[in-house]
$ cat structure-v4.cif   # mmCIF, N, CA and C atoms
data_input
#
loop_
_atom_site.label_atom_id
_atom_site.label_comp_id
_atom_site.auth_asym_id
_atom_site.auth_seq_id
_atom_site.Cartn_x
_atom_site.Cartn_y
_atom_site.Cartn_z
N MET A 1 97.71 0.44 -21.72
CA MET A 1 98.30 -0.78 -21.20
C MET A 1 97.26 -1.48 -20.34
N LYS A 2 97.13 -2.75 -20.54
CA LYS A 2 96.18 -3.56 -19.79
C LYS A 2 96.56 -3.57 -18.30
N ALA A 3 95.56 -3.57 -17.44
CA ALA A 3 95.77 -3.48 -15.99
C ALA A 3 96.64 -4.62 -15.46
N ALA A 4 96.44 -5.83 -15.96
CA ALA A 4 97.22 -6.98 -15.47
C ALA A 4 98.70 -6.81 -15.79
N LEU A 5 99.00 -6.31 -16.98
CA LEU A 5 100.39 -6.07 -17.36
C LEU A 5 100.99 -4.96 -16.50
N GLN A 6 100.26 -3.90 -16.33
CA GLN A 6 100.75 -2.79 -15.51
C GLN A 6 101.04 -3.25 -14.08
N LEU A 7 100.15 -4.04 -13.53
CA LEU A 7 100.35 -4.56 -12.17
C LEU A 7 101.59 -5.46 -12.10
N ALA A 8 101.77 -6.31 -13.11
CA ALA A 8 102.94 -7.21 -13.13
C ALA A 8 104.24 -6.41 -13.22
N ILE A 9 104.23 -5.34 -14.00
CA ILE A 9 105.43 -4.49 -14.12
C ILE A 9 105.72 -3.81 -12.79
N GLU A 10 104.70 -3.22 -12.18
CA GLU A 10 104.89 -2.56 -10.88
C GLU A 10 105.39 -3.54 -9.84
N GLN A 11 104.84 -4.75 -9.84
CA GLN A 11 105.27 -5.77 -8.88
C GLN A 11 106.74 -6.14 -9.10
N ALA A 12 107.13 -6.30 -10.36
CA ALA A 12 108.52 -6.68 -10.66
C ALA A 12 109.49 -5.60 -10.17
N PHE A 13 109.18 -4.34 -10.43
CA PHE A 13 110.05 -3.26 -9.98
C PHE A 13 110.07 -3.17 -8.45
N GLN A 14 108.92 -3.35 -7.82
CA GLN A 14 108.85 -3.28 -6.36
C GLN A 14 109.63 -4.42 -5.72
N GLN A 15 109.47 -5.63 -6.24
CA GLN A 15 110.20 -6.78 -5.70
C GLN A 15 111.71 -6.62 -5.90
N ALA A 16 112.10 -6.08 -7.05
CA ALA A 16 113.52 -5.83 -7.30
C ALA A 16 114.07 -4.82 -6.31
N ARG A 17 113.31 -3.74 -6.09
CA ARG A 17 113.74 -2.71 -5.14
C ARG A 17 113.91 -3.29 -3.74
N GLN A 18 112.96 -4.12 -3.32
CA GLN A 18 113.05 -4.74 -1.99
C GLN A 18 114.27 -5.66 -1.90
N ALA A 19 114.48 -6.47 -2.94
CA ALA A 19 115.64 -7.37 -2.93
C ALA A 19 116.94 -6.58 -2.91
N MET A 20 116.98 -5.45 -3.62
CA MET A 20 118.18 -4.61 -3.62
C MET A 20 118.43 -4.05 -2.22
N GLN A 21 117.37 -3.61 -1.56
CA GLN A 21 117.52 -3.07 -0.20
C GLN A 21 118.01 -4.13 0.77
N GLU A 22 117.61 -5.37 0.53
CA GLU A 22 118.02 -6.48 1.39
C GLU A 22 119.32 -7.13 0.92
N GLN A 23 119.95 -6.52 -0.09
CA GLN A 23 121.22 -6.99 -0.66
C GLN A 23 121.14 -8.43 -1.15
N ARG A 24 120.03 -8.74 -1.81
CA ARG A 24 119.84 -10.04 -2.45
C ARG A 24 119.95 -9.81 -3.96
N GLY A 25 121.19 -9.64 -4.42
CA GLY A 25 121.44 -9.26 -5.80
C GLY A 25 120.87 -10.23 -6.83
N ALA A 26 121.03 -11.53 -6.62
CA ALA A 26 120.54 -12.51 -7.60
C ALA A 26 119.02 -12.41 -7.74
N ASP A 27 118.33 -12.27 -6.61
CA ASP A 27 116.87 -12.13 -6.66
C ASP A 27 116.48 -10.83 -7.35
N ALA A 28 117.18 -9.77 -7.05
CA ALA A 28 116.89 -8.48 -7.67
C ALA A 28 117.05 -8.55 -9.17
N PHE A 29 118.13 -9.19 -9.64
CA PHE A 29 118.33 -9.32 -11.08
C PHE A 29 117.21 -10.13 -11.72
N GLN A 30 116.74 -11.16 -11.06
CA GLN A 30 115.64 -11.96 -11.62
C GLN A 30 114.38 -11.10 -11.80
N TRP A 31 114.08 -10.28 -10.82
CA TRP A 31 112.90 -9.41 -10.92
C TRP A 31 113.11 -8.35 -11.99
N LEU A 32 114.32 -7.83 -12.11
CA LEU A 32 114.58 -6.83 -13.14
C LEU A 32 114.55 -7.45 -14.54
N GLU A 33 114.98 -8.68 -14.67
CA GLU A 33 114.88 -9.37 -15.96
C GLU A 33 113.41 -9.53 -16.35
N ARG A 34 112.59 -9.85 -15.39
CA ARG A 34 111.14 -9.97 -15.63
C ARG A 34 110.58 -8.61 -16.06
N ALA A 35 110.95 -7.57 -15.33
CA ALA A 35 110.50 -6.22 -15.69
C ALA A 35 110.96 -5.87 -17.09
N HIS A 36 112.17 -6.24 -17.43
CA HIS A 36 112.72 -5.93 -18.76
C HIS A 36 111.89 -6.58 -19.86
N ILE A 37 111.58 -7.85 -19.70
CA ILE A 37 110.79 -8.55 -20.72
C ILE A 37 109.42 -7.89 -20.87
N LEU A 38 108.81 -7.53 -19.75
CA LEU A 38 107.46 -6.96 -19.79
C LEU A 38 107.43 -5.54 -20.35
N THR A 39 108.54 -4.82 -20.28
CA THR A 39 108.54 -3.41 -20.68
C THR A 39 109.25 -3.13 -22.00
N GLN A 40 109.67 -4.15 -22.70
CA GLN A 40 110.49 -3.94 -23.90
C GLN A 40 109.88 -2.99 -24.93
N ARG A 41 108.58 -2.91 -25.02
CA ARG A 41 107.94 -2.05 -26.02
C ARG A 41 107.54 -0.68 -25.47
N GLN A 42 107.96 -0.37 -24.25
CA GLN A 42 107.61 0.89 -23.60
C GLN A 42 108.89 1.62 -23.23
N PRO A 43 109.33 2.57 -24.04
CA PRO A 43 110.66 3.16 -23.91
C PRO A 43 111.07 3.60 -22.50
N LEU A 44 110.24 4.34 -21.81
CA LEU A 44 110.65 4.84 -20.49
C LEU A 44 110.78 3.72 -19.46
N LEU A 45 109.82 2.82 -19.44
CA LEU A 45 109.89 1.70 -18.50
C LEU A 45 111.02 0.74 -18.88
N HIS A 46 111.22 0.55 -20.16
CA HIS A 46 112.31 -0.30 -20.65
C HIS A 46 113.66 0.28 -20.19
N ALA A 47 113.83 1.58 -20.39
CA ALA A 47 115.06 2.24 -19.94
C ALA A 47 115.20 2.16 -18.43
N ARG A 48 114.07 2.26 -17.71
CA ARG A 48 114.11 2.15 -16.25
C ARG A 48 114.65 0.78 -15.83
N SER A 49 114.24 -0.28 -16.53
CA SER A 49 114.74 -1.62 -16.16
C SER A 49 116.26 -1.69 -16.34
N HIS A 50 116.76 -1.08 -17.41
CA HIS A 50 118.22 -1.06 -17.63
C HIS A 50 118.91 -0.18 -16.59
N TRP A 51 118.32 0.94 -16.25
CA TRP A 51 118.90 1.82 -15.22
C TRP A 51 119.02 1.06 -13.90
N GLN A 52 117.96 0.36 -13.52
CA GLN A 52 117.99 -0.39 -12.27
C GLN A 52 119.03 -1.51 -12.31
N MET A 53 119.22 -2.13 -13.47
CA MET A 53 120.28 -3.14 -13.60
C MET A 53 121.65 -2.49 -13.45
N LEU A 54 121.81 -1.30 -13.99
CA LEU A 54 123.07 -0.57 -13.84
C LEU A 54 123.32 -0.28 -12.35
N VAL A 55 122.31 0.22 -11.66
CA VAL A 55 122.44 0.52 -10.23
C VAL A 55 122.78 -0.74 -9.44
N LEU A 56 122.10 -1.84 -9.76
CA LEU A 56 122.36 -3.10 -9.07
C LEU A 56 123.77 -3.61 -9.39
N GLY A 57 124.19 -3.45 -10.63
CA GLY A 57 125.56 -3.83 -10.99
C GLY A 57 126.57 -3.04 -10.16
N TRP A 58 126.32 -1.76 -10.00
CA TRP A 58 127.20 -0.91 -9.18
C TRP A 58 127.19 -1.39 -7.73
N GLN A 59 125.99 -1.65 -7.23
CA GLN A 59 125.82 -2.09 -5.84
C GLN A 59 126.56 -3.40 -5.56
N THR A 60 126.56 -4.30 -6.53
CA THR A 60 127.18 -5.61 -6.33
C THR A 60 128.62 -5.66 -6.81
N GLY A 61 129.14 -4.56 -7.32
CA GLY A 61 130.52 -4.51 -7.78
C GLY A 61 130.73 -5.19 -9.13
N ASP A 62 129.66 -5.36 -9.88
CA ASP A 62 129.74 -6.00 -11.19
C ASP A 62 129.86 -4.90 -12.25
N TYR A 63 131.09 -4.47 -12.49
CA TYR A 63 131.31 -3.32 -13.38
C TYR A 63 131.11 -3.68 -14.85
N ARG A 64 131.19 -4.94 -15.17
CA ARG A 64 130.84 -5.37 -16.53
C ARG A 64 129.35 -5.10 -16.77
N GLU A 65 128.54 -5.37 -15.77
CA GLU A 65 127.10 -5.10 -15.86
C GLU A 65 126.86 -3.60 -16.01
N VAL A 66 127.55 -2.81 -15.22
CA VAL A 66 127.40 -1.36 -15.29
C VAL A 66 127.74 -0.86 -16.69
N ALA A 67 128.89 -1.26 -17.20
CA ALA A 67 129.32 -0.81 -18.52
C ALA A 67 128.36 -1.27 -19.62
N GLY A 68 127.85 -2.46 -19.49
CA GLY A 68 126.93 -2.99 -20.50
C GLY A 68 125.56 -2.35 -20.48
N GLN A 69 125.18 -1.83 -19.34
CA GLN A 69 123.85 -1.21 -19.24
C GLN A 69 123.81 0.20 -19.81
N LEU A 70 124.93 0.89 -19.82
CA LEU A 70 124.93 2.27 -20.33
C LEU A 70 124.40 2.37 -21.76
N PRO A 71 124.94 1.63 -22.71
CA PRO A 71 124.39 1.75 -24.08
C PRO A 71 122.97 1.21 -24.18
N ARG A 72 122.62 0.24 -23.35
CA ARG A 72 121.28 -0.33 -23.39
C ARG A 72 120.22 0.69 -22.96
N ILE A 73 120.57 1.55 -22.03
CA ILE A 73 119.62 2.59 -21.59
C ILE A 73 119.26 3.48 -22.78
N PHE A 74 120.26 3.93 -23.51
CA PHE A 74 120.01 4.79 -24.66
C PHE A 74 119.27 4.04 -25.76
N ALA A 75 119.65 2.80 -26.01
CA ALA A 75 118.98 2.01 -27.03
C ALA A 75 117.51 1.79 -26.68
N ALA A 76 117.24 1.57 -25.39
CA ALA A 76 115.85 1.38 -24.96
C ALA A 76 115.02 2.62 -25.25
N LEU A 77 115.59 3.78 -25.00
CA LEU A 77 114.85 5.02 -25.26
C LEU A 77 114.64 5.27 -26.74
N LEU A 78 115.62 4.90 -27.55
CA LEU A 78 115.56 5.20 -28.98
C LEU A 78 114.86 4.15 -29.83
N PHE A 79 114.97 2.87 -29.46
CA PHE A 79 114.54 1.81 -30.37
C PHE A 79 113.39 0.93 -29.87
N SER A 80 112.90 1.13 -28.67
CA SER A 80 111.87 0.24 -28.12
C SER A 80 110.62 0.14 -28.98
N LYS A 81 110.26 1.21 -29.62
CA LYS A 81 109.05 1.20 -30.46
C LYS A 81 109.32 0.63 -31.85
N ILE A 82 110.59 0.55 -32.24
CA ILE A 82 110.95 0.09 -33.58
C ILE A 82 111.23 -1.41 -33.60
N TRP A 83 112.17 -1.85 -32.75
CA TRP A 83 112.56 -3.26 -32.73
C TRP A 83 113.20 -3.60 -31.39
N VAL A 84 112.83 -4.74 -30.86
CA VAL A 84 113.49 -5.29 -29.68
C VAL A 84 113.63 -6.80 -29.87
N PRO A 85 114.65 -7.40 -29.28
CA PRO A 85 114.78 -8.86 -29.35
C PRO A 85 113.85 -9.47 -28.29
N ILE A 86 112.70 -9.89 -28.71
CA ILE A 86 111.67 -10.37 -27.80
C ILE A 86 112.23 -11.42 -26.83
N GLY A 87 111.89 -11.27 -25.56
CA GLY A 87 112.28 -12.23 -24.54
C GLY A 87 113.67 -12.01 -23.96
N ASN A 88 114.46 -11.16 -24.57
CA ASN A 88 115.81 -10.90 -24.07
C ASN A 88 115.70 -10.36 -22.65
N THR A 89 116.52 -10.88 -21.75
CA THR A 89 116.42 -10.51 -20.33
C THR A 89 117.12 -9.21 -19.98
N GLY A 90 117.90 -8.66 -20.90
CA GLY A 90 118.48 -7.34 -20.68
C GLY A 90 119.81 -7.29 -19.96
N ARG A 91 120.32 -8.43 -19.54
CA ARG A 91 121.60 -8.43 -18.82
C ARG A 91 122.76 -8.21 -19.77
N SER A 92 123.85 -7.69 -19.25
CA SER A 92 125.03 -7.39 -20.05
C SER A 92 125.75 -8.63 -20.55
N ARG A 93 125.56 -9.74 -19.91
CA ARG A 93 126.24 -10.98 -20.32
C ARG A 93 125.55 -11.66 -21.50
N ILE A 94 124.44 -11.10 -21.93
CA ILE A 94 123.68 -11.65 -23.06
C ILE A 94 123.71 -10.62 -24.17
N SER A 95 123.88 -11.06 -25.39
CA SER A 95 123.87 -10.13 -26.51
C SER A 95 122.58 -9.31 -26.50
N ALA A 96 122.72 -8.03 -26.71
CA ALA A 96 121.55 -7.14 -26.73
C ALA A 96 120.66 -7.41 -27.94
N PHE A 97 121.12 -8.24 -28.87
CA PHE A 97 120.37 -8.52 -30.09
C PHE A 97 119.76 -9.91 -30.13
N LYS A 98 119.94 -10.68 -29.04
CA LYS A 98 119.52 -12.08 -29.04
C LYS A 98 118.08 -12.24 -28.54
N PRO A 99 117.16 -12.69 -29.41
CA PRO A 99 115.82 -13.03 -28.93
C PRO A 99 115.91 -14.27 -28.04
N MET A 100 115.03 -14.35 -27.06
CA MET A 100 115.03 -15.48 -26.14
C MET A 100 113.59 -15.92 -25.91
N PRO A 101 113.40 -17.15 -25.44
CA PRO A 101 112.03 -17.61 -25.16
C PRO A 101 111.41 -16.77 -24.05
N VAL A 102 110.14 -16.44 -24.22
CA VAL A 102 109.41 -15.68 -23.20
C VAL A 102 108.72 -16.70 -22.29
N PRO A 103 108.93 -16.59 -20.97
CA PRO A 103 108.24 -17.51 -20.06
C PRO A 103 106.73 -17.47 -20.30
N GLU A 104 106.10 -18.63 -20.17
CA GLU A 104 104.68 -18.78 -20.51
C GLU A 104 103.79 -17.77 -19.79
N GLU A 105 104.00 -17.57 -18.51
CA GLU A 105 103.15 -16.64 -17.76
C GLU A 105 103.28 -15.20 -18.29
N LEU A 106 104.46 -14.84 -18.78
CA LEU A 106 104.64 -13.50 -19.33
C LEU A 106 104.06 -13.41 -20.74
N GLN A 107 104.08 -14.52 -21.49
CA GLN A 107 103.49 -14.54 -22.82
C GLN A 107 102.02 -14.14 -22.75
N THR A 108 101.32 -14.65 -21.77
CA THR A 108 99.90 -14.35 -21.62
C THR A 108 99.69 -12.86 -21.37
N LEU A 109 100.46 -12.28 -20.48
CA LEU A 109 100.33 -10.84 -20.19
C LEU A 109 100.62 -10.00 -21.43
N LEU A 110 101.67 -10.35 -22.14
CA LEU A 110 102.06 -9.58 -23.32
C LEU A 110 101.08 -9.76 -24.47
N ALA A 111 100.57 -10.97 -24.65
CA ALA A 111 99.62 -11.24 -25.72
C ALA A 111 98.31 -10.49 -25.47
N ASP A 112 97.84 -10.49 -24.22
CA ASP A 112 96.61 -9.76 -23.89
C ASP A 112 96.76 -8.28 -24.17
N ASP A 113 97.92 -7.73 -23.85
CA ASP A 113 98.16 -6.31 -24.08
C ASP A 113 98.25 -5.99 -25.56
N GLU A 114 98.92 -6.85 -26.33
CA GLU A 114 99.04 -6.61 -27.78
C GLU A 114 97.68 -6.67 -28.46
N GLN A 115 96.81 -7.58 -28.01
CA GLN A 115 95.47 -7.68 -28.57
C GLN A 115 94.67 -6.40 -28.30
N THR A 116 94.83 -5.87 -27.08
CA THR A 116 94.15 -4.64 -26.72
C THR A 116 94.62 -3.49 -27.59
N GLN A 117 95.93 -3.38 -27.80
CA GLN A 117 96.49 -2.28 -28.58
C GLN A 117 96.13 -2.40 -30.05
N SER A 118 96.10 -3.61 -30.58
CA SER A 118 95.80 -3.76 -32.01
C SER A 118 94.33 -3.54 -32.33
N SER A 119 93.47 -3.65 -31.33
CA SER A 119 92.03 -3.42 -31.57
C SER A 119 91.66 -1.93 -31.50
N ARG A 120 92.61 -1.09 -31.17
CA ARG A 120 92.34 0.35 -31.07
C ARG A 120 92.38 1.01 -32.42
#
$ encode --input "structure-v4.cif" --output "structure tokens"
Amino acid sequence: MKAALQLAIEQAFQQARQAMQEQRGADAFQWLERAHILTQRQPLLHARSHWQMLVLGWQTGDYREVAGQLPRIFAALLFSKIWVPIGNTGRSRISAFKPMPVPEELQTLLADDEQTQSSR
């Protein structure tokens, strides 16, 4: 994994954790959505983003989010290397099969990493 992508993932998880500690649920979800997009092709990190969304859903009393994250955790572990809906933010209110536009700044990180992996 390219260093810039790894740093962006670590930052997203760290910012989400801080927002969760400060009980800023909306901010935490935004950071977790970013982490989700960046980790979709990496099963353990992808599952971690869903786990953190589940925890945040529990923390905020959003039980629909909690219930929706349970199957997504398993799907992330099983299918991340096979197929993912690119750009999907990972939230329970969005179909788990719906591709979505990837923000431009994240496109650059993901494209750089894919180029590195394909040249190996």
$ resolve_selection --input "structure-v4.cif" --expression "the PyMOL selection byres ((chain A and resi 98-105) around 7)" --output "number ranges by chain"
A: 84-89, 94-97, 106-110
$ atom_distance --input "structure-v4.cif" --atom1 "CA of Glu22 (chain A)" --atom2 "CA of Val55 (chain A)"
14.3 Å
$ resolve_selection --input "structure-v4.cif" --expression "the PyMOL selection byres ((chain A and resi 44-46) around 8)" --output "list in words"
Ala35, His36, Ile37, Leu38, Thr39, Gln40, Arg41, Gln42, Pro43, Ala47, Arg48, Ser49, His50, Trp51, Gln52, Arg72, Ile73, Ala75, Ala76, Leu77, Leu78 and Ser80 of chain A
$ atom_distance --input "structure-v4.cif" --atom1 "atom C of Gly57 (chain A)" --atom2 "atom C of Phe74 (chain A)"
18.6 Å
$ resolve_selection --input "structure-v4.cif" --expression "the PyMOL selection byres ((chain A and resi 29) around 8)" --output "number ranges by chain"
A: 15-16, 19-20, 24-28, 30-35, 52-53, 56
$ atom_distance --input "structure-v4.cif" --atom1 "CA of Trp58 (chain A)" --atom2 "CA of Ile9 (chain A)"
22.6 Å
$ residues_around --input "structure-v4.cif" --residues "Ser92 (chain A)" --least-positions-apart "4" --cutoff "6.5 Å" --atoms "all atoms listed in the file" --output "PyMOL selection string"
chain A and resi 64-65+68-69
$ select_by_dssp --input "structure-v4.cif" --residues "chain A" --states "helix (DSSP H, G or I)" --output "ChimeraX atom specification"
/A:3-21,25-39,43-60,63-79,104-118
